[in-house]
$ cat protein18.cif   # mmCIF, C-alpha atoms
data_run
loop_
_atom_site.label_atom_id
_atom_site.label_comp_id
_atom_site.auth_asym_id
_atom_site.auth_seq_id
_atom_site.Cartn_x
_atom_site.Cartn_y
_atom_site.Cartn_z
CA MET C 836 112.14 115.24 83.00
CA PRO C 837 114.03 112.50 84.89
CA ASP C 838 116.00 110.06 82.78
CA THR C 839 117.64 106.68 83.20
CA ALA C 840 119.87 108.17 85.91
CA THR C 841 116.75 108.34 88.06
CA LEU C 842 116.13 104.68 87.44
CA ASP C 843 119.65 103.96 88.59
CA ALA C 844 118.86 105.74 91.86
CA ILE C 845 115.88 103.51 92.62
CA ARG C 846 117.30 100.16 91.53
CA ILE C 847 117.34 97.59 94.32
CA ASP C 848 118.90 94.22 95.03
CA PHE C 849 116.35 91.48 94.49
CA ASP C 850 116.60 87.77 93.84
CA ALA C 851 114.66 87.96 90.60
CA PRO C 852 113.65 85.17 88.22
CA ASP C 853 116.40 84.38 85.74
CA ASN C 854 114.50 85.94 82.83
CA VAL C 855 114.71 89.38 84.51
CA PRO C 856 117.83 91.42 83.67
CA LYS C 857 119.31 93.10 86.74
CA ASP C 858 119.25 96.53 85.10
CA ARG C 859 115.46 96.32 84.70
CA ILE C 860 114.72 95.87 88.43
CA VAL C 861 113.46 99.05 90.09
CA ASP C 862 111.23 99.81 93.06
CA LEU C 863 108.27 101.66 91.54
CA SER C 864 106.01 101.73 94.59
CA PHE C 865 105.70 105.52 94.19
CA ALA C 866 104.34 104.97 90.69
CA MET C 867 101.58 102.70 92.01
CA GLY C 868 100.02 105.50 94.06
CA ASN C 869 101.49 104.33 97.35
CA VAL C 870 103.43 107.54 98.04
CA PRO C 871 101.45 110.76 98.73
CA ASN C 872 102.43 114.24 97.55
CA ASP C 873 101.04 117.77 97.63
CA LEU C 874 101.53 118.75 94.00
CA VAL C 875 98.83 120.46 91.95
CA ASP C 876 99.40 117.60 89.50
CA PRO C 877 99.92 114.66 91.86
CA TYR C 878 100.73 112.31 88.96
CA ALA C 879 103.73 114.37 87.85
CA PRO C 880 106.21 111.97 89.53
CA VAL C 881 104.97 109.14 87.29
CA GLY C 882 104.55 110.54 83.78
CA TRP C 883 108.28 110.53 82.95
CA LEU C 884 108.22 106.70 82.92
CA ALA C 885 106.76 106.91 79.41
CA GLY C 886 109.80 108.83 78.16
CA ALA C 887 111.56 107.58 75.04
CA GLU C 888 114.76 106.90 77.02
CA ILE C 889 113.02 104.63 79.57
CA PRO C 890 113.26 100.85 78.94
CA ARG C 891 110.02 99.49 77.53
CA LEU C 892 109.73 96.85 80.25
CA LEU C 893 110.79 97.36 83.86
CA PHE C 894 110.47 94.88 86.70
CA ASN C 895 108.91 95.83 90.03
CA PRO C 896 109.71 93.49 92.96
CA PRO C 897 106.87 92.10 95.09
CA ALA C 898 105.36 94.40 97.71
CA SER C 899 106.72 93.96 101.20
CA HIS C 900 103.69 95.41 103.00
CA GLY C 901 100.04 96.37 102.56
CA LEU C 902 97.55 94.91 100.13
CA GLY C 903 100.18 93.79 97.63
CA ALA C 904 101.91 91.69 100.24
CA ILE C 905 98.63 90.13 101.34
CA SER C 906 96.90 89.32 98.09
CA GLY C 907 99.11 90.39 95.20
CA ASN C 908 101.75 88.73 93.09
CA ARG C 909 104.57 87.47 95.31
CA THR C 910 107.14 87.19 92.54
CA GLY C 911 107.02 90.75 91.22
CA SER C 912 105.62 92.19 88.00
CA TRP C 913 106.73 93.55 84.67
CA VAL C 914 105.74 97.22 84.53
CA VAL C 915 104.41 98.52 81.22
CA SER C 916 104.56 102.32 81.08
CA HIS C 917 104.41 103.38 77.42
CA TYR C 918 101.04 103.99 75.73
CA GLU C 919 101.67 101.65 72.82
CA ASP C 920 102.67 98.78 75.10
CA ILE C 921 99.78 99.29 77.52
CA GLU C 922 97.41 99.21 74.56
CA ARG C 923 98.87 95.88 73.49
CA VAL C 924 98.53 94.30 76.94
CA TYR C 925 94.89 95.37 77.19
CA SER C 926 93.94 94.27 73.67
CA ASP C 927 96.14 91.22 72.93
CA ASN C 928 93.97 88.48 74.41
CA ALA C 929 96.10 85.77 72.80
CA HIS C 930 99.10 86.66 74.97
CA PHE C 931 97.60 88.26 78.10
CA SER C 932 94.93 87.02 80.50
CA ASN C 933 92.70 88.82 83.00
CA ALA C 934 91.82 85.63 84.90
CA GLY C 935 92.03 86.04 88.66
CA THR C 936 91.87 89.86 88.65
CA ALA C 937 90.27 91.43 91.76
CA GLU C 938 89.34 88.04 93.17
CA PHE C 939 89.85 88.97 96.82
CA GLN C 940 87.26 86.34 97.68
CA ARG C 941 89.97 83.70 97.35
CA LEU C 942 91.34 84.94 100.67
CA ILE C 943 88.42 83.23 102.42
CA GLY C 944 88.33 80.12 100.25
CA GLU C 945 85.66 81.21 97.75
CA THR C 946 86.03 79.79 94.25
CA PHE C 947 83.50 81.80 92.21
CA LYS C 948 84.92 84.19 89.61
CA SER C 949 84.50 87.98 89.47
CA ILE C 950 82.31 88.30 86.37
CA PRO C 951 82.97 89.59 83.77
CA LEU C 952 86.29 91.16 84.87
CA ALA C 953 88.15 87.91 85.54
CA ILE C 954 86.78 86.05 82.52
CA ASP C 955 88.83 85.88 79.32
CA PRO C 956 87.43 85.72 75.78
CA PRO C 957 85.52 84.00 74.34
CA ASP C 958 83.41 83.40 77.49
CA HIS C 959 83.85 87.04 78.53
CA GLN C 960 81.64 88.25 75.69
CA LYS C 961 78.45 86.49 76.79
CA TYR C 962 78.61 88.06 80.25
CA ARG C 963 79.57 91.46 78.91
CA LEU C 964 76.67 91.41 76.46
CA PHE C 965 74.32 90.45 79.28
CA LEU C 966 75.32 93.42 81.47
CA MET C 967 76.04 96.12 78.88
CA PRO C 968 72.42 97.17 78.23
CA TYR C 969 72.13 98.29 81.86
CA PHE C 970 75.09 100.67 81.42
CA SER C 971 74.48 101.92 77.87
CA PRO C 972 74.39 105.67 77.18
CA ALA C 973 70.74 105.44 76.15
CA ARG C 974 69.75 103.61 79.34
CA ILE C 975 71.67 106.07 81.49
CA THR C 976 70.05 109.05 79.78
CA ARG C 977 66.56 107.60 80.03
CA ASP C 978 66.59 105.88 83.41
CA LEU C 979 69.48 107.22 85.47
CA GLU C 980 70.24 110.82 84.56
CA PRO C 981 67.10 112.25 86.20
CA ARG C 982 68.06 110.53 89.47
CA ILE C 983 71.71 111.60 89.09
CA ARG C 984 70.69 115.21 88.61
CA ARG C 985 68.13 115.16 91.43
CA ILE C 986 70.61 113.76 93.95
CA CYS C 987 73.33 116.14 92.76
CA VAL C 988 71.13 119.24 93.07
CA GLU C 989 69.83 118.09 96.45
CA MET C 990 73.34 117.65 97.82
CA ILE C 991 74.64 120.96 96.44
CA GLU C 992 71.68 122.93 97.74
CA ALA C 993 72.18 121.40 101.18
CA VAL C 994 75.62 123.06 101.45
CA VAL C 995 75.65 126.08 99.15
CA ASP C 996 74.35 128.52 101.79
CA LYS C 997 76.82 127.22 104.37
CA GLY C 998 79.77 128.40 102.32
CA GLU C 999 81.78 125.23 102.87
CA VAL C 1000 81.84 121.46 102.45
CA ASP C 1001 84.28 118.61 102.87
CA MET C 1002 84.21 117.72 99.19
CA ALA C 1003 85.97 114.40 99.64
CA TRP C 1004 84.25 112.98 102.74
CA ASP C 1005 80.79 114.56 102.71
CA PHE C 1006 80.20 114.86 98.95
CA ALA C 1007 82.43 112.73 96.72
CA ARG C 1008 82.20 109.75 99.08
CA VAL C 1009 78.40 109.96 99.09
CA PHE C 1010 77.13 111.18 95.69
CA PRO C 1011 78.15 108.31 93.36
CA VAL C 1012 77.43 105.64 95.97
CA ARG C 1013 73.84 106.84 96.38
CA ILE C 1014 73.41 106.51 92.63
CA PHE C 1015 75.04 103.07 92.57
CA MET C 1016 72.91 101.77 95.43
CA GLY C 1017 69.76 102.99 93.71
CA LEU C 1018 70.80 101.28 90.46
CA MET C 1019 71.45 97.98 92.21
CA GLY C 1020 68.43 98.19 94.52
CA PHE C 1021 70.43 98.10 97.76
CA PRO C 1022 68.76 99.68 100.80
CA ASP C 1023 70.02 103.13 101.82
CA GLU C 1024 70.70 102.00 105.38
CA LYS C 1025 73.58 99.79 104.15
CA PHE C 1026 75.53 102.85 102.94
CA THR C 1027 77.95 103.14 105.87
CA GLN C 1028 78.42 99.39 106.24
CA PHE C 1029 79.21 99.01 102.53
CA LEU C 1030 81.89 101.71 102.66
CA ASP C 1031 83.40 100.21 105.81
CA TRP C 1032 83.60 96.78 104.20
CA GLU C 1033 85.05 98.23 101.00
CA TRP C 1034 87.70 100.18 102.91
CA ASP C 1035 88.80 97.12 104.86
CA ILE C 1036 89.04 95.02 101.67
CA LEU C 1037 90.93 97.50 99.51
CA HIS C 1038 92.79 99.79 101.89
CA SER C 1039 93.23 98.36 105.39
CA GLY C 1040 96.34 96.30 104.59
CA SER C 1041 95.21 93.87 107.29
CA LEU C 1042 94.50 90.27 106.31
CA GLU C 1043 92.23 89.83 109.32
CA LYS C 1044 90.15 92.89 108.45
CA MET C 1045 90.01 91.92 104.78
CA GLN C 1046 88.76 88.43 105.58
CA ALA C 1047 86.15 89.68 108.05
CA ALA C 1048 84.88 92.24 105.54
CA LEU C 1049 84.78 89.68 102.75
CA ARG C 1050 82.72 87.30 104.86
CA GLY C 1051 80.39 90.12 105.85
CA VAL C 1052 79.73 91.46 102.38
CA LEU C 1053 79.43 88.06 100.68
CA ASP C 1054 77.01 86.81 103.33
CA TYR C 1055 74.95 89.95 102.82
CA LEU C 1056 75.02 89.77 99.01
CA ARG C 1057 74.00 86.12 98.99
CA GLY C 1058 71.10 86.93 101.31
CA PHE C 1059 70.11 89.86 99.09
CA ILE C 1060 70.23 87.65 96.00
CA ALA C 1061 67.99 85.09 97.72
CA GLU C 1062 65.56 87.88 98.62
CA LYS C 1063 65.35 89.01 94.98
CA GLU C 1064 64.82 85.42 93.87
CA ARG C 1065 61.69 85.39 96.03
CA GLU C 1066 60.60 88.98 95.42
CA PRO C 1067 61.85 90.40 92.09
CA ASP C 1068 61.87 94.15 91.46
CA GLU C 1069 63.01 96.58 88.75
CA HIS C 1070 66.62 96.98 89.93
CA LEU C 1071 69.83 95.50 88.54
CA VAL C 1072 70.45 92.78 91.14
CA SER C 1073 66.98 91.41 90.44
CA ALA C 1074 67.65 91.55 86.69
CA ILE C 1075 70.83 89.53 87.20
CA VAL C 1076 69.11 87.00 89.46
CA HIS C 1077 66.32 86.38 86.95
CA GLY C 1078 68.39 86.87 83.79
CA LYS C 1079 69.58 84.39 81.21
CA VAL C 1080 72.87 83.96 79.40
CA GLU C 1081 72.74 82.16 76.06
CA GLY C 1082 69.19 81.10 76.83
CA ARG C 1083 69.86 79.51 80.23
CA ALA C 1084 69.38 80.70 83.78
CA LEU C 1085 72.48 81.82 85.67
CA THR C 1086 74.14 79.51 88.17
CA ASP C 1087 74.56 80.53 91.80
CA ASP C 1088 78.27 81.19 91.18
CA GLU C 1089 77.46 83.39 88.18
CA LYS C 1090 74.93 85.40 90.17
CA ILE C 1091 77.25 86.12 93.10
CA GLY C 1092 80.18 86.64 90.69
CA MET C 1093 78.36 89.44 88.88
CA VAL C 1094 76.81 91.09 91.93
CA TRP C 1095 80.10 90.94 93.85
CA PHE C 1096 82.07 92.44 90.95
CA LEU C 1097 79.61 95.31 90.54
CA TRP C 1098 79.60 95.92 94.30
CA LEU C 1099 83.40 96.05 94.44
CA GLY C 1100 83.73 98.37 91.45
CA GLY C 1101 80.83 100.68 92.25
CA LEU C 1102 81.82 102.21 95.57
CA ASP C 1103 84.88 104.44 95.39
CA THR C 1104 86.40 104.90 91.93
CA VAL C 1105 84.15 107.84 91.02
CA ALA C 1106 84.46 109.18 94.56
CA ALA C 1107 88.25 109.33 94.23
CA THR C 1108 87.93 111.00 90.82
CA ILE C 1109 85.58 113.69 92.16
CA ALA C 1110 87.83 114.47 95.11
CA GLN C 1111 90.87 114.89 92.86
CA MET C 1112 88.89 116.87 90.28
CA PHE C 1113 87.75 119.44 92.84
CA ARG C 1114 91.18 119.56 94.42
CA ARG C 1115 92.65 120.69 91.09
CA LEU C 1116 89.82 123.16 90.52
CA ALA C 1117 90.39 124.66 93.96
CA LEU C 1118 94.14 124.92 93.43
CA GLN C 1119 93.77 126.31 89.89
CA PRO C 1120 91.12 129.06 90.11
CA GLU C 1121 91.75 130.05 86.49
CA LEU C 1122 90.42 126.63 85.47
CA GLN C 1123 87.27 127.27 87.49
CA THR C 1124 86.80 130.57 85.71
CA ARG C 1125 87.23 129.06 82.28
CA ILE C 1126 84.72 126.26 82.83
CA ARG C 1127 82.26 128.63 84.51
CA GLN C 1128 82.43 131.02 81.54
CA GLU C 1129 82.40 128.23 78.93
CA PRO C 1130 80.04 125.46 80.15
CA GLY C 1131 80.10 124.01 76.66
CA ILE C 1132 83.55 122.56 77.38
CA ILE C 1133 82.40 120.51 80.39
CA ASN C 1134 82.34 117.24 78.44
CA SER C 1135 85.89 117.62 77.16
CA ALA C 1136 87.04 118.95 80.54
CA VAL C 1137 85.70 115.81 82.24
CA GLU C 1138 87.67 113.70 79.79
CA GLU C 1139 90.83 115.66 80.61
CA PHE C 1140 90.21 115.25 84.34
CA LEU C 1141 89.94 111.53 83.70
CA ARG C 1142 93.14 111.43 81.62
CA THR C 1143 95.15 113.31 84.21
CA GLN C 1144 93.68 111.40 87.18
CA PRO C 1145 94.03 107.68 86.38
CA ILE C 1146 92.74 106.07 89.57
CA LEU C 1147 93.68 102.48 88.77
CA SER C 1148 96.47 100.53 87.09
CA SER C 1149 95.35 97.16 85.82
CA ALA C 1150 97.25 93.87 85.76
CA ARG C 1151 97.37 90.98 83.31
CA THR C 1152 99.14 87.60 83.21
CA ALA C 1153 101.13 86.13 80.34
CA LYS C 1154 99.29 83.17 78.80
CA LEU C 1155 102.35 81.68 77.07
CA ASP C 1156 106.09 82.11 76.57
CA PHE C 1157 107.07 84.82 74.09
CA GLU C 1158 109.74 87.47 73.48
CA TRP C 1159 108.93 91.16 73.85
CA HIS C 1160 111.28 94.15 73.80
CA GLY C 1161 114.26 91.81 74.14
CA ILE C 1162 112.81 90.09 77.21
CA GLN C 1163 111.93 86.40 77.31
CA VAL C 1164 108.48 86.50 78.88
CA ARG C 1165 107.30 83.32 80.54
CA LYS C 1166 103.82 81.93 80.93
CA GLY C 1167 102.45 83.14 84.27
CA ASP C 1168 104.52 86.34 84.41
CA SER C 1169 102.53 89.26 85.82
CA PHE C 1170 102.22 92.56 83.94
CA GLN C 1171 101.20 95.84 85.59
CA CYS C 1172 99.94 98.44 83.13
CA LEU C 1173 100.96 101.80 84.57
CA ASN C 1174 98.06 103.94 83.35
CA PRO C 1175 99.42 107.11 85.06
CA ALA C 1176 102.43 106.88 82.75
CA GLY C 1177 100.60 105.86 79.58
CA ASN C 1178 98.15 108.73 79.96
CA PHE C 1179 101.09 111.17 79.87
CA ASP C 1180 103.03 109.54 77.04
CA PRO C 1181 104.36 112.32 74.76
CA ALA C 1182 104.29 109.89 71.85
CA ARG C 1183 100.49 109.84 72.16
CA PHE C 1184 99.49 113.21 73.66
CA ASP C 1185 100.72 116.67 72.68
CA ASN C 1186 102.03 118.54 75.73
CA PRO C 1187 100.86 115.70 77.96
CA ARG C 1188 101.56 117.48 81.25
CA GLU C 1189 99.36 120.43 80.27
CA PHE C 1190 95.75 120.28 81.47
CA ASP C 1191 93.78 121.17 78.34
CA PRO C 1192 89.99 121.18 79.00
CA GLU C 1193 89.39 121.20 75.23
CA ARG C 1194 91.85 118.43 74.32
CA LYS C 1195 90.86 116.50 71.19
CA ALA C 1196 91.26 112.76 70.51
CA ASN C 1197 91.62 112.14 74.24
CA ARG C 1198 91.75 108.35 74.25
CA HIS C 1199 93.22 107.53 77.65
CA PHE C 1200 93.45 104.42 79.82
CA THR C 1201 91.67 105.64 82.94
CA PHE C 1202 88.86 103.21 82.12
CA VAL C 1203 91.46 100.61 81.06
CA GLY C 1204 91.05 99.30 77.48
CA GLY C 1205 90.35 96.32 75.28
CA VAL C 1206 87.42 93.99 75.95
CA HIS C 1207 87.69 94.70 79.69
CA ILE C 1208 87.18 98.45 79.38
CA CYS C 1209 85.21 99.68 82.39
CA LEU C 1210 81.59 98.60 82.24
CA GLY C 1211 80.49 101.71 84.15
CA ALA C 1212 82.46 104.24 82.09
CA HIS C 1213 79.37 105.91 80.61
CA LEU C 1214 77.76 106.17 84.05
CA ALA C 1215 80.90 107.66 85.59
CA ARG C 1216 81.20 110.26 82.81
CA ARG C 1217 77.57 111.25 83.21
CA GLU C 1218 77.92 111.66 86.97
CA LEU C 1219 80.97 113.90 86.56
CA ARG C 1220 79.38 116.01 83.83
CA VAL C 1221 76.15 116.52 85.74
CA LEU C 1222 78.08 117.41 88.87
CA LEU C 1223 80.12 120.12 87.12
CA GLU C 1224 77.02 121.52 85.40
CA GLU C 1225 75.00 121.80 88.59
CA TRP C 1226 77.93 122.89 90.80
CA PHE C 1227 79.01 125.80 88.60
CA ALA C 1228 75.38 126.85 88.21
CA ARG C 1229 75.02 127.24 91.98
CA VAL C 1230 78.36 127.65 93.76
CA PRO C 1231 80.58 130.73 93.34
CA LYS C 1232 84.36 130.68 93.16
CA PHE C 1233 85.73 128.29 95.77
CA ARG C 1234 89.10 127.50 97.32
CA VAL C 1235 90.67 125.11 99.77
CA LYS C 1236 89.95 126.10 103.35
CA PRO C 1237 93.04 127.91 104.72
CA GLY C 1238 95.31 125.58 106.64
CA ALA C 1239 93.78 122.40 105.21
CA ASP C 1240 96.01 119.52 104.19
CA THR C 1241 95.83 118.95 100.42
CA THR C 1242 98.11 115.90 100.37
CA VAL C 1243 96.82 113.25 97.98
CA PHE C 1244 97.65 109.65 97.13
CA PRO C 1245 97.71 109.66 93.30
CA GLY C 1246 95.42 106.65 92.89
CA LEU C 1247 92.41 104.91 94.37
CA LEU C 1248 93.31 105.80 97.96
CA SER C 1249 93.18 109.43 96.81
CA ILE C 1250 92.25 112.04 99.43
CA ARG C 1251 90.09 111.49 102.51
CA ASN C 1252 89.25 115.11 103.35
CA LEU C 1253 89.08 118.20 101.16
CA PRO C 1254 87.43 121.17 102.92
CA LEU C 1255 86.36 123.79 100.38
CA VAL C 1256 85.04 127.27 101.17
CA TRP C 1257 83.30 130.06 99.23
CA GLU C 1258 81.37 133.25 99.87
CA ALA C 1259 77.89 132.07 100.86
#

$ encode --input "protein18.cif" --output "structure tokens"
Amino acid sequence: MPDTATLDAIRIDFDAPDNVPKDRIVDLSFAMGNVPNDLVDPYAPVGWLAGAEIPRLLFNPPASHGLGAISGNRTGSWVVSHYEDIERVYSDNAHFSNAGTAEFQRLIGETFKSIPLAIDPPDHQKYRLFLMPYFSPARITRDLEPRIRRICVEMIEAVVDKGEVDMAWDFARVFPVRIFMGLMGFPDEKFTQFLDWEWDILHSGSLEKMQAALRGVLDYLRGFIAEKEREPDEHLVSAIVHGKVEGRALTDDEKIGMVWFLWLGGLDTVAATIAQMFRRLALQPELQTRIRQEPGIINSAVEEFLRTQPILSSARTAKLDFEWHGIQVRKGDSFQCLNPAGNFDPARFDNPREFDPERKANRHFTFVGGVHICLGAHLARRELRVLLEEWFARVPKFRVKPGADTTVFPGLLSIRNLPLVWEA
């Protein structure tokens, strides 16, 4: 495991704020999923940051390119990499705020908030309580699982006799989005346009493309909301449009804030997880064999895939001045919770680098934590479980197509193509 000598090798000169010690400044762009690798465990380069010898707070300078340079914090961020500290940032609402998170709409002058993600307690609770029933385990089992299973079986049976599929592009990119669009009530013909807009917003690194995509999707969503105001149906957008919070109808900003947030979060997080999950299964055939022979471990295996594949790292902002780990934190300082490190913290997980499909007490941060824990976590888990159940019931032992590139970005960007083959 690397130690503080490795930190010394990646320290950089940076004109930091005067509350940042020089020996805490390191360039951790690789830890944010910006650097691809071809390892079976693509998060291996990050987990050591939770080691006992690593300072509890590091400082990452502002990004010089890409999305961070366009819309992120321009003064740098404190990086929190140990499980205990990440848990505090996510749960200590007196010291840390989520206001402003994922509000890309500001790039085109919009002022509505992303609801409920960018709302702090106590107001957060009323929006969370409004939306939670639509994502509860009972609702998913009753209303969504039959559709999830039908779409999953349909997609598997369309490829099983061919003996191959691009699991990332043709399956993972499609399967969860079809479910999401059905939940929201969006028309199927918007599938490609939605993914194009989402890519330009999150991954293009171009301000011009981001702004054009933002205008396109927000114009569409506002039109869709207006349509559901006139013609309500049984889907979630209509429920939001005609819903009430604390006994009152929602404002226009609240309606677009909720629909926009769900749109942004519903398109590619599960897709990235599926692509990485099947990449590991293809590269570790013994894991395939174990799950195939013991389908009863699918639930715990999904949880271990989630722990070892943290797609996102979430940020918070200090709400006041305070001292932490010998650092004088100032109001407004940005904090980046490095979930790929916290999920491999040896102080929390036994043998954290080992993939254990029967791991117990697997409380990870892949769905973040605290009051802002992912609203769609139950839905994502159900999609992954159903997929493994139906896949292993129909598809024999599979592998990566010879000669294919298995390079992966260990994060949301993930892997664009993953051709898998098997004996048809």

$ resolve_selection --input "protein18.cif" --expression "the PyMOL selection byres ((chain C and resi 883-885) around 9)" --output "PyMOL selection string"
chain C and resi 836-838+866+879-882+886-891+915-918+1173+1176-1182

$ residues_around --input "protein18.cif" --residues "Tyr1055 of chain C" --least-positions-apart "6" --cutoff "12 Å" --atoms "all atoms listed in the file" --output "ChimeraX atom specification"
/C:1021-1022,1025,1028-1029,1032,1048-1049,1061-1062,1091,1094-1095,1098

$ resolve_selection --input "protein18.cif" --expression "the PyMOL selection byres ((chain C and resi 1008) around 10)" --output "PyMOL selection string"
chain C and resi 1001-1007+1009-1013+1030+1102-1107+1109-1110+1251-1252

$ closest_residue --input "protein18.cif" --among "C:Leu1247, C:Met967, C:Leu1255, C:Ala1084" --to "Met867 of chain C" --atoms "all atoms listed in the file"
C:Leu1247

$ closest_residue --input "protein18.cif" --among "C:His930, C:Arg1217, C:Arg1188, C:Lys961" --to "Glu1138 of chain C" --atoms "all atoms listed in the file"
C:Arg1217

$ closest_residue --input "protein18.cif" --among "C:Gly1020, C:Gln1163, C:Arg1194, C:Arg963" --to "Pro1067 of chain C" --atoms "only C-alpha atoms"
C:Gly1020

$ resolve_selection --input "protein18.cif" --expression "the PyMOL selection byres ((chain C and resi 1093) around 9)" --output "NGL selection string"
:C and (948-951 or 962 or 966 or 1072 or 1075 or 1088-1092 or 1094-1098)

$ atom_distance --input "protein18.cif" --atom1 "atom CA of Arg1229 of chain C" --atom2 "atom CA of Val995 of chain C"
7.3 Å

$ atom_distance --input "protein18.cif" --atom1 "atom CA of Glu922 of chain C" --atom2 "atom CA of Asn1174 of chain C"
10.0 Å

$ atom_distance --input "protein18.cif" --atom1 "atom CA of Cys1172 of chain C" --atom2 "atom CA of Ile1208 of chain C"
13.3 Å

$ closest_residue --input "protein18.cif" --among "C:Val994, C:Arg982, C:Asp876, C:Pro1231" --to "Pro1145 of chain C" --atoms "all atoms listed in the file"
C:Asp876

$ residues_around --input "protein18.cif" --residues "segment 1220-1223 of chain C" --least-positions-apart "5" --cutoff "8 Å" --atoms "all atoms listed in the file" --output "PyMOL selection string"
chain C and resi 983-984+987+1133-1134+1137

$ decode --input "protein18.cif" --residues "segment 1176-1188 of chain C" --atoms "N, CA, C and O atoms" --output "PDB file, in the first residue's frame"
ATOM      1  N   ALA C1176     -12.444   5.930  -1.579  1.00  0.00           N
ATOM      2  CA  ALA C1176     -11.503   5.640  -0.498  1.00  0.00           C
ATOM      3  C   ALA C1176     -12.249   5.146   0.736  1.00  0.00           C
ATOM      4  O   ALA C1176     -11.857   4.150   1.361  1.00  0.00           O
ATOM      5  N   GLY C1177     -13.320   5.822   1.103  1.00  0.00           N
ATOM      6  CA  GLY C1177     -14.079   5.426   2.290  1.00  0.00           C
ATOM      7  C   GLY C1177     -14.619   4.017   2.195  1.00  0.00           C
ATOM      8  O   GLY C1177     -14.662   3.280   3.195  1.00  0.00           O
ATOM      9  N   ASN C1178     -15.008   3.606   1.000  1.00  0.00           N
ATOM     10  CA  ASN C1178     -15.550   2.257   0.821  1.00  0.00           C
ATOM     11  C   ASN C1178     -14.493   1.162   0.963  1.00  0.00           C
ATOM     12  O   ASN C1178     -14.831  -0.022   1.022  1.00  0.00           O
ATOM     13  N   PHE C1179     -13.217   1.562   0.981  1.00  0.00           N
ATOM     14  CA  PHE C1179     -12.124   0.598   1.149  1.00  0.00           C
ATOM     15  C   PHE C1179     -11.331   0.868   2.429  1.00  0.00           C
ATOM     16  O   PHE C1179     -10.180   0.441   2.547  1.00  0.00           O
ATOM     17  N   ASP C1180     -11.935   1.554   3.362  1.00  0.00           N
ATOM     18  CA  ASP C1180     -11.245   1.903   4.605  1.00  0.00           C
ATOM     19  C   ASP C1180     -11.081   0.657   5.471  1.00  0.00           C
ATOM     20  O   ASP C1180     -12.078   0.052   5.892  1.00  0.00           O
ATOM     21  N   PRO C1181      -9.844   0.249   5.770  1.00  0.00           N
ATOM     22  CA  PRO C1181      -9.640  -0.964   6.581  1.00  0.00           C
ATOM     23  C   PRO C1181     -10.139  -0.816   8.007  1.00  0.00           C
ATOM     24  O   PRO C1181     -10.337  -1.817   8.695  1.00  0.00           O
ATOM     25  N   ALA C1182     -10.341   0.427   8.450  1.00  0.00           N
ATOM     26  CA  ALA C1182     -10.890   0.614   9.791  1.00  0.00           C
ATOM     27  C   ALA C1182     -12.374   0.266   9.834  1.00  0.00           C
ATOM     28  O   ALA C1182     -12.945   0.086  10.916  1.00  0.00           O
ATOM     29  N   ARG C1183     -13.007   0.180   8.670  1.00  0.00           N
ATOM     30  CA  ARG C1183     -14.437  -0.116   8.610  1.00  0.00           C
ATOM     31  C   ARG C1183     -14.718  -1.500   8.039  1.00  0.00           C
ATOM     32  O   ARG C1183     -15.640  -2.198   8.466  1.00  0.00           O
ATOM     33  N   PHE C1184     -13.935  -1.919   7.026  1.00  0.00           N
ATOM     34  CA  PHE C1184     -14.197  -3.173   6.319  1.00  0.00           C
ATOM     35  C   PHE C1184     -13.018  -4.139   6.472  1.00  0.00           C
ATOM     36  O   PHE C1184     -11.877  -3.758   6.237  1.00  0.00           O
ATOM     37  N   ASP C1185     -13.303  -5.376   6.857  1.00  0.00           N
ATOM     38  CA  ASP C1185     -12.264  -6.399   6.906  1.00  0.00           C
ATOM     39  C   ASP C1185     -11.822  -6.734   5.481  1.00  0.00           C
ATOM     40  O   ASP C1185     -12.659  -6.901   4.587  1.00  0.00           O
ATOM     41  N   ASN C1186     -10.510  -6.826   5.290  1.00  0.00           N
ATOM     42  CA  ASN C1186      -9.971  -7.137   3.961  1.00  0.00           C
ATOM     43  C   ASN C1186     -10.689  -6.333   2.876  1.00  0.00           C
ATOM     44  O   ASN C1186     -11.335  -6.900   1.980  1.00  0.00           O
ATOM     45  N   PRO C1187     -10.611  -5.028   2.948  1.00  0.00           N
ATOM     46  CA  PRO C1187     -11.450  -4.186   2.080  1.00  0.00           C
ATOM     47  C   PRO C1187     -11.198  -4.359   0.593  1.00  0.00           C
ATOM     48  O   PRO C1187     -12.095  -4.113  -0.215  1.00  0.00           O
ATOM     49  N   ARG C1188      -9.998  -4.790   0.200  1.00  0.00           N
ATOM     50  CA  ARG C1188      -9.716  -4.934  -1.220  1.00  0.00           C
ATOM     51  C   ARG C1188     -10.236  -6.256  -1.783  1.00  0.00           C
ATOM     52  O   ARG C1188     -10.292  -6.449  -2.995  1.00  0.00           O
TER      53      ARG C1188
END
